[in-house]
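Engineer: One file: final-v2.json (JSON, C-alpha atoms).
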```
[["chain", "number", "residue", "atom", "x", "y", "z"],
["R", 1, "MET", "CA", 105.90, 72.14, -41.65],
["R", 2, "ALA", "CA", 107.67, 70.31, -44.55],
["R", 3, "LEU", "CA", 108.86, 67.60, -42.14],
["R", 4, "LEU", "CA", 105.32, 67.20, -40.80],
["R", 5, "GLN", "CA", 103.95, 66.87, -44.33],
["R", 6, "GLU", "CA", 106.62, 64.30, -45.18],
["R", 7, "ASN", "CA", 105.79, 62.28, -42.06],
["R", 8, "THR", "CA", 102.08, 62.50, -42.83],
["R", 9, "LEU", "CA", 102.71, 61.32, -46.39],
["R", 10, "PHE", "CA", 104.95, 58.48, -45.15],
["R", 11, "PHE", "CA", 102.36, 57.16, -42.69],
["R", 12, "SER", "CA", 99.57, 57.53, -45.26],
["R", 13, "LEU", "CA", 101.55, 55.43, -47.73],
["R", 14, "LEU", "CA", 102.39, 52.92, -45.01],
["R", 15, "PHE", "CA", 98.70, 52.60, -44.11],
["R", 16, "LEU", "CA", 97.73, 52.07, -47.75],
["R", 17, "LEU", "CA", 100.46, 49.46, -48.13],
["R", 18, "CYS", "CA", 99.21, 47.58, -45.06],
["R", 19, "MET", "CA", 95.66, 47.70, -46.37],
["R", 20, "ALA", "CA", 96.81, 46.37, -49.73],
["R", 21, "ILE", "CA", 98.66, 43.51, -48.05],
["R", 22, "SER", "CA", 95.61, 42.75, -45.93],
["R", 23, "VAL", "CA", 93.36, 42.69, -48.98],
["R", 24, "SER", "CA", 95.69, 40.69, -51.19],
["R", 25, "SER", "CA", 96.35, 38.17, -48.43],
["R", 26, "HIS", "CA", 92.85, 36.84, -48.97],
["R", 27, "ASN", "CA", 93.68, 36.08, -52.62],
["R", 28, "ARG", "CA", 96.30, 33.63, -51.33],
["R", 29, "PRO", "CA", 98.76, 33.34, -54.24],
["R", 30, "TYR", "CA", 99.52, 29.70, -53.40],
["R", 31, "SER", "CA", 100.24, 26.90, -55.83],
["R", 32, "PRO", "CA", 98.04, 23.96, -54.82],
["R", 33, "PRO", "CA", 99.50, 20.44, -54.54],
["R", 34, "ASP", "CA", 99.01, 17.93, -57.33],
["R", 35, "VAL", "CA", 96.05, 15.62, -56.79],
["R", 36, "PRO", "CA", 94.05, 13.09, -58.83],
["R", 37, "ARG", "CA", 91.44, 14.81, -60.99],
["R", 38, "LEU", "CA", 88.29, 13.06, -59.82],
["R", 39, "THR", "CA", 86.17, 15.33, -61.99],
["R", 40, "ASP", "CA", 87.75, 13.72, -65.07],
["R", 41, "LEU", "CA", 86.42, 10.28, -64.10],
["R", 42, "PHE", "CA", 82.71, 10.95, -64.48],
["R", 43, "PRO", "CA", 80.46, 12.05, -67.35],
["R", 44, "HIS", "CA", 78.97, 15.53, -67.48],
["R", 45, "VAL", "CA", 75.20, 15.83, -67.24],
["R", 46, "ALA", "CA", 73.49, 18.57, -69.23],
["R", 47, "VAL", "CA", 71.75, 20.90, -66.81],
["R", 48, "ASP", "CA", 68.38, 20.55, -68.49],
["R", 49, "GLN", "CA", 68.67, 16.75, -68.40],
["R", 50, "GLY", "CA", 69.79, 16.41, -64.78],
["R", 51, "PHE", "CA", 67.90, 19.28, -63.17],
["R", 52, "SER", "CA", 64.53, 21.01, -63.15],
["R", 53, "LYS", "CA", 63.75, 24.55, -62.04],
["R", 54, "PHE", "CA", 63.35, 24.78, -58.27],
["R", 55, "PHE", "CA", 62.40, 28.45, -57.77],
["R", 56, "GLY", "CA", 62.78, 31.81, -59.51],
["R", 57, "ALA", "CA", 62.20, 30.28, -62.94],
["R", 58, "GLN", "CA", 62.33, 33.72, -64.56],
["R", 59, "ASN", "CA", 65.94, 34.06, -63.36],
["R", 60, "VAL", "CA", 67.11, 30.70, -64.71],
["R", 61, "GLN", "CA", 68.68, 30.89, -68.17],
["R", 62, "LEU", "CA", 69.61, 27.65, -69.95],
["R", 63, "LEU", "CA", 72.43, 28.05, -72.45],
["R", 64, "ASN", "CA", 74.21, 26.01, -75.14],
["R", 65, "ASN", "CA", 71.24, 23.69, -75.72],
["R", 66, "GLY", "CA", 70.76, 23.27, -71.97],
["R", 67, "SER", "CA", 74.27, 22.03, -71.23],
["R", 68, "TYR", "CA", 74.87, 24.80, -68.72],
["R", 69, "ALA", "CA", 72.91, 27.55, -66.98],
["R", 70, "ASN", "CA", 73.04, 31.03, -65.53],
["R", 71, "LEU", "CA", 71.23, 31.59, -62.25],
["R", 72, "ALA", "CA", 70.47, 35.17, -61.22],
["R", 73, "LEU", "CA", 69.54, 37.05, -58.07],
["R", 74, "ASP", "CA", 67.76, 40.38, -58.42],
["R", 75, "LYS", "CA", 65.43, 42.39, -56.24],
["R", 76, "SER", "CA", 62.45, 40.24, -57.27],
["R", 77, "SER", "CA", 63.90, 36.81, -56.55],
["R", 78, "GLY", "CA", 66.82, 34.45, -56.39],
["R", 79, "SER", "CA", 66.78, 31.24, -58.40],
["R", 80, "GLY", "CA", 67.61, 27.58, -58.16],
["R", 81, "LEU", "CA", 67.70, 24.12, -59.69],
["R", 82, "VAL", "CA", 66.94, 20.70, -58.17],
["R", 83, "SER", "CA", 68.03, 17.32, -59.50],
["R", 84, "ARG", "CA", 65.42, 15.15, -61.22],
["R", 85, "SER", "CA", 66.64, 12.13, -59.22],
["R", 86, "LYS", "CA", 67.31, 11.51, -55.54],
["R", 87, "TYR", "CA", 70.56, 9.85, -54.53],
["R", 88, "HIS", "CA", 71.71, 7.66, -51.68],
["R", 89, "TYR", "CA", 75.49, 8.15, -51.90],
["R", 90, "GLY", "CA", 77.55, 9.24, -54.88],
["R", 91, "PHE", "CA", 79.84, 11.86, -56.42],
["R", 92, "PHE", "CA", 78.36, 15.30, -57.13],
["R", 93, "SER", "CA", 80.17, 18.17, -58.79],
["R", 94, "ALA", "CA", 79.69, 21.40, -60.71],
["R", 95, "ALA", "CA", 81.95, 23.93, -62.38],
["R", 96, "ILE", "CA", 80.89, 27.31, -61.01],
["R", 97, "LYS", "CA", 81.85, 30.87, -61.90],
["R", 98, "LEU", "CA", 80.79, 33.37, -59.24],
["R", 99, "PRO", "CA", 79.46, 36.91, -59.75],
["R", 100, "ALA", "CA", 82.13, 39.59, -59.97],
["R", 101, "GLY", "CA", 82.00, 42.93, -58.17],
["R", 102, "LEU", "CA", 80.49, 43.87, -54.84],
["R", 103, "SER", "CA", 78.41, 40.88, -53.74],
["R", 104, "SER", "CA", 77.99, 41.18, -49.97],
["R", 105, "GLY", "CA", 75.07, 39.14, -48.66],
["R", 106, "VAL", "CA", 74.86, 36.95, -51.78],
["R", 107, "VAL", "CA", 74.88, 33.18, -51.24],
["R", 108, "VAL", "CA", 75.59, 30.65, -53.98],
["R", 109, "ALA", "CA", 74.99, 27.07, -52.85],
["R", 110, "PHE", "CA", 75.67, 23.64, -54.31],
["R", 111, "TYR", "CA", 74.31, 21.10, -51.89],
["R", 112, "LEU", "CA", 72.34, 17.94, -51.10],
["R", 113, "SER", "CA", 69.18, 17.96, -48.99],
["R", 114, "ASN", "CA", 66.04, 15.96, -48.25],
["R", 115, "ALA", "CA", 64.13, 18.74, -46.45],
["R", 116, "ASP", "CA", 61.26, 18.27, -48.88],
["R", 117, "ALA", "CA", 60.71, 14.66, -47.76],
["R", 118, "PHE", "CA", 61.81, 15.00, -44.12],
["R", 119, "PRO", "CA", 60.95, 18.55, -43.00],
["R", 120, "HIS", "CA", 61.55, 17.79, -39.31],
["R", 121, "SER", "CA", 64.47, 15.36, -39.60],
["R", 122, "HIS", "CA", 66.25, 16.32, -42.77],
["R", 123, "ASP", "CA", 69.86, 15.73, -43.78],
["R", 124, "GLU", "CA", 72.01, 18.23, -45.64],
["R", 125, "ILE", "CA", 75.53, 18.44, -47.10],
["R", 126, "ASP", "CA", 76.40, 22.03, -48.05],
["R", 127, "ILE", "CA", 78.88, 23.88, -50.17],
["R", 128, "GLU", "CA", 78.02, 27.54, -49.68],
["R", 129, "LEU", "CA", 79.87, 30.38, -51.37],
["R", 130, "LEU", "CA", 79.43, 33.60, -49.45],
["R", 131, "GLY", "CA", 79.66, 37.04, -51.06],
["R", 132, "HIS", "CA", 82.17, 39.60, -49.90],
["R", 133, "ASP", "CA", 82.33, 43.17, -48.72],
["R", 134, "LYS", "CA", 84.53, 45.83, -50.29],
["R", 135, "ARG", "CA", 87.74, 44.39, -48.84],
["R", 136, "ASN", "CA", 87.34, 40.62, -48.72],
["R", 137, "ASP", "CA", 87.03, 37.93, -51.33],
["R", 138, "TRP", "CA", 84.40, 35.24, -51.61],
["R", 139, "VAL", "CA", 84.43, 32.68, -48.83],
["R", 140, "LEU", "CA", 83.81, 28.93, -49.03],
["R", 141, "GLN", "CA", 81.66, 27.48, -46.24],
["R", 142, "THR", "CA", 81.01, 23.77, -45.77],
["R", 143, "ASN", "CA", 78.33, 22.41, -43.46],
["R", 144, "ILE", "CA", 76.62, 19.14, -42.54],
["R", 145, "TYR", "CA", 73.25, 18.43, -40.90],
["R", 146, "SER", "CA", 71.76, 15.08, -39.95],
["R", 147, "ASN", "CA", 68.28, 14.16, -38.77],
["R", 148, "GLY", "CA", 67.22, 17.78, -38.43],
["R", 149, "SER", "CA", 70.17, 18.86, -36.29],
["R", 150, "VAL", "CA", 69.99, 22.43, -37.56],
["R", 151, "SER", "CA", 70.66, 23.86, -34.09],
["R", 152, "THR", "CA", 74.22, 22.49, -34.29],
["R", 153, "GLY", "CA", 75.76, 23.84, -37.45],
["R", 154, "ARG", "CA", 79.06, 22.22, -38.33],
["R", 155, "GLU", "CA", 80.50, 25.04, -40.41],
["R", 156, "GLU", "CA", 84.06, 25.38, -41.61],
["R", 157, "LYS", "CA", 85.17, 28.39, -43.66],
["R", 158, "PHE", "CA", 88.00, 28.81, -46.15],
["R", 159, "TYR", "CA", 89.57, 31.48, -48.31],
["R", 160, "PHE", "CA", 90.35, 30.62, -51.93],
["R", 161, "TRP", "CA", 93.78, 30.44, -53.54],
["R", 162, "PHE", "CA", 92.32, 31.87, -56.75],
["R", 163, "ASP", "CA", 89.75, 34.43, -57.90],
["R", 164, "PRO", "CA", 86.50, 32.44, -58.23],
["R", 165, "THR", "CA", 84.89, 35.16, -60.37],
["R", 166, "GLN", "CA", 87.32, 34.98, -63.28],
["R", 167, "GLU", "CA", 86.57, 31.48, -64.58],
["R", 168, "HIS", "CA", 84.80, 28.25, -63.66],
["R", 169, "HIS", "CA", 86.17, 26.15, -60.81],
["R", 170, "TYR", "CA", 85.09, 22.70, -59.62],
["R", 171, "TYR", "CA", 83.15, 22.25, -56.37],
["R", 172, "SER", "CA", 82.57, 18.59, -55.52],
["R", 173, "ILE", "CA", 81.21, 16.25, -52.85],
["R", 174, "ILE", "CA", 81.78, 12.55, -52.19],
["R", 175, "TRP", "CA", 79.15, 10.97, -49.96],
["R", 176, "ASN", "CA", 79.22, 7.23, -49.30],
["R", 177, "SER", "CA", 79.09, 4.80, -46.38],
["R", 178, "HIS", "CA", 82.70, 5.63, -45.47],
["R", 179, "HIS", "CA", 82.91, 9.41, -45.43],
["R", 180, "ILE", "CA", 81.84, 12.78, -46.80],
["R", 181, "VAL", "CA", 84.59, 14.74, -48.55],
["R", 182, "PHE", "CA", 84.40, 18.31, -49.87],
["R", 183, "PHE", "CA", 86.65, 19.28, -52.80],
["R", 184, "VAL", "CA", 87.60, 22.51, -54.56],
["R", 185, "ASP", "CA", 89.29, 21.97, -57.92],
["R", 186, "ASN", "CA", 89.82, 18.35, -56.80],
["R", 187, "ILE", "CA", 91.70, 19.47, -53.66],
["R", 188, "PRO", "CA", 90.03, 17.89, -50.62],
["R", 189, "VAL", "CA", 89.38, 20.59, -48.00],
["R", 190, "ARG", "CA", 87.33, 18.64, -45.46],
["R", 191, "GLU", "CA", 86.58, 15.02, -44.55],
["R", 192, "PHE", "CA", 83.71, 13.91, -42.31],
["R", 193, "PRO", "CA", 83.92, 10.19, -41.47],
["R", 194, "SER", "CA", 80.87, 8.00, -40.93],
["R", 195, "SER", "CA", 82.30, 5.99, -38.06],
["R", 196, "GLY", "CA", 83.00, 6.55, -34.37],
["R", 197, "VAL", "CA", 81.75, 9.76, -32.79],
["R", 198, "PHE", "CA", 80.68, 11.02, -36.23],
["R", 199, "SER", "CA", 78.15, 8.23, -36.78],
["R", 200, "SER", "CA", 75.26, 9.82, -34.89],
["R", 201, "THR", "CA", 75.45, 12.95, -37.06],
["R", 202, "TYR", "CA", 76.07, 11.27, -40.41],
["R", 203, "PRO", "CA", 73.52, 11.92, -43.19],
["R", 204, "SER", "CA", 71.82, 8.64, -44.01],
["R", 205, "LYS", "CA", 68.71, 9.28, -46.12],
["R", 206, "PRO", "CA", 68.39, 9.83, -49.91],
["R", 207, "MET", "CA", 68.83, 13.42, -51.01],
["R", 208, "SER", "CA", 68.33, 15.66, -54.02],
["R", 209, "VAL", "CA", 71.07, 17.88, -55.45],
["R", 210, "TYR", "CA", 70.48, 21.64, -55.52],
["R", 211, "ALA", "CA", 72.19, 24.66, -57.09],
["R", 212, "THR", "CA", 70.90, 28.05, -55.94],
["R", 213, "ILE", "CA", 71.64, 31.75, -55.58],
["R", 214, "TRP", "CA", 69.76, 33.77, -52.98],
["R", 215, "ASP", "CA", 69.76, 36.69, -50.57],
["R", 216, "GLY", "CA", 71.54, 35.81, -47.34],
["R", 217, "SER", "CA", 71.69, 39.37, -46.00],
["R", 218, "GLN", "CA", 70.75, 38.32, -42.48],
["R", 219, "TRP", "CA", 73.87, 36.22, -41.94],
["R", 220, "ALA", "CA", 76.12, 35.63, -44.96],
["R", 221, "THR", "CA", 78.66, 38.48, -44.80],
["R", 222, "HIS", "CA", 80.10, 39.20, -41.36],
["R", 223, "GLY", "CA", 76.99, 37.93, -39.61],
["R", 224, "GLY", "CA", 74.68, 40.18, -41.62],
["R", 225, "LYS", "CA", 76.71, 43.35, -41.26],
["R", 226, "TYR", "CA", 76.77, 43.85, -45.03],
["R", 227, "PRO", "CA", 73.41, 43.15, -46.76],
["R", 228, "VAL", "CA", 72.87, 42.70, -50.49],
["R", 229, "ASN", "CA", 73.14, 45.99, -52.37],
["R", 230, "TYR", "CA", 70.72, 45.64, -55.29],
["R", 231, "LYS", "CA", 72.29, 48.63, -56.97],
["R", 232, "TYR", "CA", 74.78, 46.05, -58.32],
["R", 233, "ALA", "CA", 72.12, 43.51, -59.36],
["R", 234, "PRO", "CA", 71.60, 41.23, -61.13],
["R", 235, "PHE", "CA", 74.10, 38.86, -59.54],
["R", 236, "VAL", "CA", 74.67, 36.02, -61.99],
["R", 237, "VAL", "CA", 76.35, 32.67, -61.30],
["R", 238, "SER", "CA", 77.33, 30.36, -64.15],
["R", 239, "LEU", "CA", 76.86, 26.60, -63.69],
["R", 240, "ALA", "CA", 78.50, 24.08, -66.03],
["R", 241, "GLU", "CA", 79.95, 20.55, -66.25],
["R", 242, "THR", "CA", 77.60, 19.12, -63.64],
["R", 243, "GLU", "CA", 78.28, 15.55, -62.53],
["R", 244, "MET", "CA", 75.93, 13.32, -60.52],
["R", 245, "VAL", "CA", 76.98, 9.67, -60.31],
["R", 246, "GLY", "CA", 75.84, 7.29, -57.61],
["R", 247, "CYS", "CA", 73.00, 5.38, -56.14],
["R", 248, "VAL", "CA", 69.70, 6.57, -57.62],
["R", 249, "SER", "CA", 66.96, 6.15, -55.05],
["R", 250, "ASN", "CA", 63.50, 4.85, -55.79],
["R", 251, "PRO", "CA", 61.18, 6.64, -53.32],
["R", 252, "ARG", "CA", 58.58, 3.91, -53.59],
["R", 253, "GLN", "CA", 60.91, 1.37, -51.97],
["R", 254, "GLN", "CA", 62.95, 1.29, -48.78],
["R", 255, "PRO", "CA", 65.95, 3.62, -49.19],
["R", 256, "LEU", "CA", 68.70, 1.09, -48.57],
["R", 257, "SER", "CA", 67.27, -1.51, -50.94],
["R", 258, "SER", "CA", 66.17, 0.80, -53.72],
["R", 259, "CYS", "CA", 69.46, 2.01, -55.14],
["R", 260, "SER", "CA", 70.66, 1.13, -58.59],
["R", 261, "ASN", "CA", 74.30, 2.12, -58.84],
["R", 262, "GLN", "CA", 75.17, 3.98, -62.04],
["R", 263, "SER", "CA", 78.06, 2.58, -64.06],
["R", 264, "THR", "CA", 80.66, 4.84, -65.66],
["R", 265, "SER", "CA", 82.89, 4.36, -68.68],
["R", 266, "SER", "CA", 85.94, 4.86, -66.44],
["R", 267, "GLY", "CA", 84.85, 2.01, -64.17],
["R", 268, "SER", "CA", 84.98, 4.35, -61.17],
["R", 269, "ASP", "CA", 82.43, 3.68, -58.44],
["R", 270, "PRO", "CA", 82.09, 6.50, -55.86],
["R", 271, "VAL", "CA", 79.64, 4.47, -53.77],
["R", 272, "GLU", "CA", 81.35, 1.13, -53.27],
["R", 273, "GLY", "CA", 84.72, 1.51, -55.03],
["R", 274, "GLN", "CA", 87.79, 1.06, -52.86],
["R", 275, "ASP", "CA", 89.41, 4.14, -54.40],
["R", 276, "PHE", "CA", 86.63, 6.19, -52.79],
["R", 277, "ALA", "CA", 86.58, 4.48, -49.39],
["R", 278, "ALA", "CA", 89.52, 6.51, -48.08],
["R", 279, "LEU", "CA", 91.69, 9.41, -49.16],
["R", 280, "SER", "CA", 95.07, 8.57, -50.66],
["R", 281, "GLN", "CA", 98.23, 9.87, -49.01],
["R", 282, "GLN", "CA", 98.50, 12.42, -51.83],
["R", 283, "GLN", "CA", 94.97, 13.64, -51.10],
["R", 284, "ILE", "CA", 95.60, 13.73, -47.33],
["R", 285, "THR", "CA", 98.69, 15.88, -47.88],
["R", 286, "ALA", "CA", 96.69, 18.23, -50.11],
["R", 287, "MET", "CA", 93.90, 18.49, -47.53],
["R", 288, "GLN", "CA", 96.42, 19.33, -44.81],
["R", 289, "TRP", "CA", 97.79, 22.06, -47.09],
["R", 290, "ALA", "CA", 94.32, 23.55, -47.63],
["R", 291, "ARG", "CA", 93.33, 23.42, -43.99],
["R", 292, "SER", "CA", 96.59, 24.88, -42.68],
["R", 293, "LYS", "CA", 96.80, 27.74, -45.18],
["R", 294, "LEU", "CA", 93.20, 28.59, -46.08],
["R", 295, "MET", "CA", 90.79, 27.56, -43.30],
["R", 296, "PHE", "CA", 90.01, 30.47, -40.98],
["R", 297, "TYR", "CA", 87.00, 29.13, -39.05],
["R", 298, "SER", "CA", 86.00, 25.76, -37.65],
["R", 299, "TYR", "CA", 83.03, 25.12, -35.38],
["R", 300, "CYS", "CA", 85.26, 22.78, -33.38],
["R", 301, "LYS", "CA", 87.34, 25.76, -32.24],
["R", 302, "ASP", "CA", 84.43, 28.08, -31.44],
["R", 303, "THR", "CA", 84.36, 27.85, -27.65],
["R", 304, "SER", "CA", 82.28, 31.03, -27.36],
["R", 305, "ARG", "CA", 79.50, 29.39, -29.38],
["R", 306, "PHE", "CA", 79.41, 25.97, -27.74],
["R", 307, "LYS", "CA", 79.37, 25.55, -23.98],
["R", 308, "VAL", "CA", 79.69, 21.84, -24.63],
["R", 309, "MET", "CA", 81.57, 21.05, -27.82],
["R", 310, "PRO", "CA", 80.01, 18.58, -30.28],
["R", 311, "PRO", "CA", 81.31, 15.07, -29.56],
["R", 312, "GLU", "CA", 83.39, 14.78, -32.74],
["R", 313, "CYS", "CA", 85.39, 17.88, -31.69],
["R", 314, "LYS", "CA", 86.84, 16.31, -28.57]]
```
Using structure tokens, write down the structure from this file.

Structural biologist:
Amino acid sequence: MALLQENTLFFSLLFLLCMAISVSSHNRPYSPPDVPRLTDLFPHVAVDQGFSKFFGAQNVQLLNNGSYANLALDKSSGSGLVSRSKYHYGFFSAAIKLPAGLSSGVVVAFYLSNADAFPHSHDEIDIELLGHDKRNDWVLQTNIYSNGSVSTGREEKFYFWFDPTQEHHYYSIIWNSHHIVFFVDNIPVREFPSSGVFSSTYPSKPMSVYATIWDGSQWATHGGKYPVNYKYAPFVVSLAETEMVGCVSNPRQQPLSSCSNQSTSSGSDPVEGQDFAALSQQQITAMQWARSKLMFYSYCKDTSRFKVMPPECK
């Protein structure tokens, strides 16, 4: 009987150890490569100057004289902000601190879209942060739509190498005539070129910038397996150090001729500058690091989803 109890105790401890390893593996205690800090090149825009309330105004709290904001999701509503200007290319970034605790089904998004102006042929460039269940950390999802191609999502998903609930981290997008690049803390995690097989699915129309938190119970966590539990509400995301530099679009003129490129004190130009036309070798190496160690889903490898793979995957 004593031997049986010892064996039972041994296997119980072994199981708990395996579970702990499984859980902690998603925290990925990696040291990221050194990269240029693009977020240091551009001025911060106070939230109340660069954005207006998009929805759930009662759950939007402006702080520090409007320089940053808290967005909340509760049982009554989510909340969101939309940029006061539309952009045709540029650099867009925000420092975001995600809600702590159980947040399954919660979606925090920082993205560009023109669905308001082109409801049937809209473009979209998404950074979506998906809440977790009891065992898994937050997940980063990137996605791109062009000309209303919502039936072909181009999702890629990543784990983080840090805890995104402990402090603010930078989430950034470059969008110009050369490529779209997604960054986390200035580490490029995904590049989507504008040329070749990518050209037919490349966003091309002016877009607004959005920051939102909302209930994604139907799909966000394990395909909707874990809905939002409002017992833990409100879920609050902190938004700070927003940056929006690029080609401001005048909707009364033709999109390609209506842009006035914003100058910066650093002289950096994310729209036409050569430093933003291609990733440096240092950035390419960092992106390879992120994709090899942290990416766990790519639409280009989902053969069960696509009978015919999107052309850029071949």

Engineer: Pick out the residues sitting within 9 Å of Ser121 in chain R, and hand them over as a ChimeraX atom specification; count all atoms listed in the file, and ignore anything fewer than 5 positions along from it in its own chain.

Structural biologist: /R:114-115,146-149

Engineer: Identify which of the residues R:Phe183, R:Tyr299, R:Trp214, R:Trp219 lies closest to Lys75 in chain R, counting only C-alpha atoms when measuring atom-to-atom distances.

Structural biologist: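 When distances to Lys75 in chain R are compared using only C-alpha atoms, the smallest one comes from R:Trp214.
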
Engineer: For Phe54 in chain R, which of R:Ser104, R:Ser204, R:Ser67, R:Thr212 is the closest residue, counting only C-alpha atoms?

Structural biologist: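 Counting only C-alpha atoms, the residue closest to Phe54 in chain R is R:Thr212.
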
Engineer: Expressed in Å to a single decimal, how great is the separation between CA of Leu71 in chain R and CA of Leu239 in chain R?

Structural biologist: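 Answer for the CA of Leu71 in chain R to CA of Leu239 in chain R separation: 7.7 Å.
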
Engineer: Which range 83-195 of chain R residues have any atom within 6 Å of an atom of range 264-284 of chain R, and for each, what is the nearest pair of atoms with distance in Å to one decimal, counting only C-alpha atoms, rows sorted by chain and number, as a tab-separated table?

Structural biologist:
```
residue	atom	partner	partner_atom	distance
R:Tyr89	CA	R:Val271	CA	5.9
R:Gly90	CA	R:Val271	CA	5.3
R:Phe91	CA	R:Pro270	CA	5.8
R:Asn176	CA	R:Val271	CA	5.3
R:His178	CA	R:Ala277	CA	5.6
```

Engineer: Select, from R:Ile180, R:His122, R:Asp163, R:Gly153, the residue with the minimum atom-to-atom distance to Asp137 in chain R, counting all atoms listed in the file.

Structural biologist: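 With all atoms listed in the file as the atom set, the closest residue is R:Asp163.
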
Engineer: Of the candidates R:Ile187, R:Ile213, R:Leu140, R:Val245, which one gets nearest to Phe296 in chain R if we count all atoms listed in the file?

Structural biologist: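 Counting all atoms listed in the file, the residue closest to Phe296 in chain R is R:Leu140.
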
Engineer: Which of these, R:Ser208, R:Asn70, R:Asn143, R:Thr201, has the shortest distance to Cys247 in chain R once you count only C-alpha atoms?

Structural biologist: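 Ranking R:Ser208, R:Asn70, R:Asn143, R:Thr201 by distance to Cys247 in chain R, first place goes to R:Ser208.
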
Engineer: Given the choices R:Phe182, R:Tyr170, R:Tyr297, R:Tyr159, which gets closest to Gly131 in chain R if the distance is worked out from only C-alpha atoms?

Structural biologist: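 Once distances to Gly131 in chain R are computed over only C-alpha atoms, the minimum belongs to R:Tyr159.
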
Engineer: What separation in Å, quoted to one decimal, exists between CA of Leu38 in chain R and CA of Asp126 in chain R?

Structural biologist: 19.0 Å

Engineer: Would you mind reading off the distance between CA of Gly101 in chain R and CA of Lys225 in chain R, one decimal, in Å?

Structural biologist: 17.7 Å

Engineer: Where atoms are absent from range 118-132 of chain R, fill them in so it carries N, CA and C atoms, then output it as a short mmCIF file (atom, residue, chain, number, x, y, z; two decimals), keeping the file's coordinate frame.

Structural biologist:
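Everything below was put into result12.cif:
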```cif
data_model
loop_
_atom_site.label_atom_id
_atom_site.label_comp_id
_atom_site.auth_asym_id
_atom_site.auth_seq_id
_atom_site.Cartn_x
_atom_site.Cartn_y
_atom_site.Cartn_z
N PHE R 118 61.67 15.14 -45.58
CA PHE R 118 61.81 15.00 -44.12
C PHE R 118 61.94 16.39 -43.49
N PRO R 119 60.86 17.16 -43.45
CA PRO R 119 60.95 18.55 -43.00
C PRO R 119 61.39 18.70 -41.55
N HIS R 120 61.18 17.68 -40.72
CA HIS R 120 61.55 17.79 -39.31
C HIS R 120 62.78 16.96 -38.95
N SER R 121 63.30 16.20 -39.89
CA SER R 121 64.47 15.36 -39.60
C SER R 121 65.36 15.26 -40.83
N HIS R 122 65.56 16.39 -41.48
CA HIS R 122 66.25 16.32 -42.77
C HIS R 122 67.76 16.25 -42.61
N ASP R 123 68.40 15.75 -43.66
CA ASP R 123 69.86 15.73 -43.78
C ASP R 123 70.28 16.79 -44.79
N GLU R 124 71.53 17.21 -44.70
CA GLU R 124 72.01 18.23 -45.64
C GLU R 124 73.53 18.19 -45.69
N ILE R 125 74.08 18.33 -46.89
CA ILE R 125 75.53 18.44 -47.10
C ILE R 125 75.75 19.67 -47.97
N ASP R 126 76.38 20.70 -47.42
CA ASP R 126 76.40 22.03 -48.05
C ASP R 126 77.78 22.47 -48.51
N ILE R 127 77.83 22.96 -49.73
CA ILE R 127 78.88 23.88 -50.17
C ILE R 127 78.20 25.22 -50.38
N GLU R 128 78.59 26.20 -49.58
CA GLU R 128 78.02 27.54 -49.68
C GLU R 128 79.13 28.54 -49.97
N LEU R 129 78.91 29.37 -50.96
CA LEU R 129 79.87 30.38 -51.37
C LEU R 129 79.30 31.73 -51.00
N LEU R 130 79.98 32.41 -50.09
CA LEU R 130 79.43 33.60 -49.45
C LEU R 130 80.06 34.86 -50.04
N GLY R 131 79.20 35.80 -50.46
CA GLY R 131 79.66 37.04 -51.06
C GLY R 131 80.49 37.87 -50.11
N HIS R 132 81.18 38.85 -50.67
CA HIS R 132 82.17 39.60 -49.90
C HIS R 132 81.78 41.06 -49.76
#
```
